[in-house]
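Encoded as structure tokens, the structure appears first; notes follow it.
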Amino acid sequence: MMKIILGGQWGDEGKGKVIDYLAGKAELVVRFQGGSNAGHTVVHDGKTHKFHLLPSGVVQKKRSLIGAGVVLDPRVLIQEINEFGGLTQSELGIDFRTSIIMPWHGLLDIAREGLKKEKIGTTGRGIGPAYEEKASRDGIRFCDLIDEKKLKERISEIYPFRKKLLHGIYQVEVPEQESIFMQYANIGKQLASYATDVSLEVNEAYAAGKNILLEGAQGVLLDLSFGSYPFVTSSQTIAGGACVGAGVSPKIIDEIEGVVKAYTTRVGGGPFPTELLGAEEELGNTIRDKGNEYGTTTGRKRRIGWLDLPLLRYAHRLNGFTGFHYTKLDVLGGVEKLKVATAHEHAGKKFETPSREFEFLGEWKPVYKTLPGFEELSREEWREVVRESKEKGLKALPKNAFEYIKFVEGELKIPTKTVSLGPAREETIFVNH
Ligand code: GDP
Ligand code: IMO
Ligand code: MG
């Protein structure tokens with residue numbers, strides 16, 4: 001069984017948590033795009049793990065693979081492996097074709113953002129410049145990193161141009177060529193034993209009937225082609241990205257499940273139609289604090305907004321979701337009235353699913369349905385709800401919380417797979433179909 005798990009909004013939906021509990025029944029977990037711009041949180045056994053590059057299945061001790069579509073910062077990976085207490089060759093594999101983030105990528109990313117009038121608010125991790133270098137066919141790949149001779153050749157070829165660009169245009173100093181080579185050759189030695197062919201491994205595992213999870217980073221609305229361009233990341237975050245990033249055929253994808261926060265957040269610049277601003281800003285601040293909505297990678301404040309059904313319908317068109325995992329419903333406890341955008345208006349026209357209107361995302365006026373809120377419960381009370389759900393299913397939820405999920409489910413007509421009521425693995429309701 002091959003299942004893709006994707007962020008259904010602007011990232012940080014709780015993909016790490018969802019992957020962690022689904023990994024219990026999987027044998028391989030594969031990251032297929034993005035890089036250390038991602039920050040996926042797994043909370044288990046009183047421990048909080050934050051992963052930027054390692055697939056979130058590692059906590060369940062499942063084989064972790066990093067696919068060719070990823071841009072890999074090997075410095076971050078080494079740090080992550082060490083923090084995790086080490087990973088053996090049988091626990092981690094990296095596709096030999098994976099693109100490598102070099103020191104000049106982060107410097108370029110930050111320098112460019114600094115000069116932009118309207119900032120994207122990138123994570124500064126060098127993601128855009130690394131994908132550009134890959135597309136221009138100048139990139140350094142994992143197979144180069146782990147081969148000293150090739151690494152030296154590749155760095156010698158590219159470095160002078162990057163230095164000129166950074167120094168001449170942006171007045172930024174770059175570390176010396178030799179010191180970069182020494183550092184990366186050393187890193188290459190440390191990572192060499194992880195080299196594999198992810199595409200082959202995944203295809204063979206699938207043929208052997210194993211369960212495989214393809215773990216997306218970011219979210220649909222940050223997709224390079226279909227997101228809120230130019231306020232997007234530089235990779236394909238939609239389901240198709242899983243096929244090109246892991247090296248599998250679309251024909252063997254069985255399930256495509258979206259992770260959807262019970263409200264919406266976004267970090268960085270760009271339009272956000274249902275953002276809580278003006279009279280609602282205070283409420284947004286409360287939700288941010290209750291939901292701990294601060295970036296996992298950058299610590300930045302996440303912007304807070306209501307759930308947006310037209311954007312979820314748009315996401316569904318791009319992905320063909322077979323199920324949704326709703327997260328952070330607990331955070332909405334105590335909010336008196338819950339608003340959900342059911343449609344938007346633009347240029348005097350109302351629409352429920354955007355097409356050309358997507359171009360004018362920043363000008364949309366949400367049309368809201370207001371639902372009654374539900375009470376604030378303590379963590380222990382939410383855990384009690386989860387215990388009761390083993391018999392009652394979603395009916396164990398406070399009545400209005402149940403109605404909220406049912407309303408959204410009825411509008412989108414996508415089956416609910418799980419509802420998450422806290423950061424820990426066990427704080428989850430599984431819905432039986
Ligand atoms: P990801 O990037 O999609 O993996 O999400 P992040 O890890 O960046 O952000 C999600 C945050 O919400 C993390 O701090 C999680 O521990 C936390 N979280 C996930 N699910 C829930 C939930 O149902 N309730 C609460 N209160 N927190 C959650
Ligand atoms: P996870 O996987 C939320 C956002 C940045 C910025 C834009 C471009 O944890 O959900 P980039 O550094 O990729 O060039 O930045 O994308 N962004 C994310 N927002 N979650 C993420 O990852 C993100 N990764 C990038 O804030 O707006
Ligand atoms: Mg995150």
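Chain lettering (A, B, ...) mirrors the order of the structure tokens, residue numbering begins at 1 for each chain separately, and ligand numbering begins at 1 in order of display.
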
Cut-off 8 Å, only C-alpha atoms and all ligand atoms, neighbours of ligand 3 as a PyMOL selection string | chain A and resi 11-16+38-41+217-218+295-297

Give as a VMD selection string the residues surrounding ligand 1 up to a distance of 9 Å, considering only C-alpha atoms and all ligand atoms.
-> chain A and resid 6 to 7 11 to 19 38 to 43 48 to 52 56 216 to 219 259 to 262 290 to 297 326 to 331 379 419 to 425 427 to 428

Residues of range 57-137 of chain A within 7 Å of range 148-172 of chain A: nearest atom pair and distance (Å, one decimal) for each, counting only C-alpha atoms, sorted by chain and number, as a tab-separated table?
```
residue	atom	partner	partner_atom	distance
A:Trp104	CA	A:Arg162	CA	6.8
A:Leu108	CA	A:Leu166	CA	6.8
A:Ala111	CA	A:Tyr170	CA	6.4
```

The residue from A:Phe142, A:Tyr206, A:Phe32, A:Phe272 with the smallest atom-to-atom distance to Glu363 in chain A, counting only C-alpha atoms, is A:Phe272

Residues of range 147-254 of chain A in strand (DSSP E) according to DSSP, as a list in words?
->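 The strand (DSSP E) subset of range 147-254 of chain A is Ala195, Thr196, Ile212, Leu213, Leu214 and Glu215 of chain A.
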
Taking the chain letters and numbering used in this document, name the residues of range 45-202 of chain A that DSSP puts in helix (DSSP H, G or I), as a PyMOL selection string.
-> chain A and resi 56-60+74-84+103-115+127-135+142-145+148-169+177-194+198-202

Using only C-alpha atoms, determine which residues lie at most 6 Å from range 348-353 of chain A, disregarding the query and same-chain residues fewer than 4 positions distant; provide the list as JSON, numbers by chain.
-> {"A": [310, 313, 314, 343, 344]}

Selected residues, C-alpha atoms, written as a PDB file, in the first residue's frame, please.
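Below is the file again_34.pdb, written as the result:
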```
ATOM      1  CA  PRO A 310     -12.801  27.159  -1.092  1.00  0.00           C
ATOM      2  CA  ARG A 313     -11.691  22.454  -2.483  1.00  0.00           C
ATOM      3  CA  TYR A 314      -8.929  23.899  -4.656  1.00  0.00           C
ATOM      4  CA  ALA A 343     -17.235  30.888  -0.354  1.00  0.00           C
ATOM      5  CA  HIS A 344     -15.442  34.080  -1.370  1.00  0.00           C
TER       6      HIS A 344
END
```

One decimal place gives the CA of Glu403 in chain A-CA of Asn432 in chain A separation as 17.5 Å
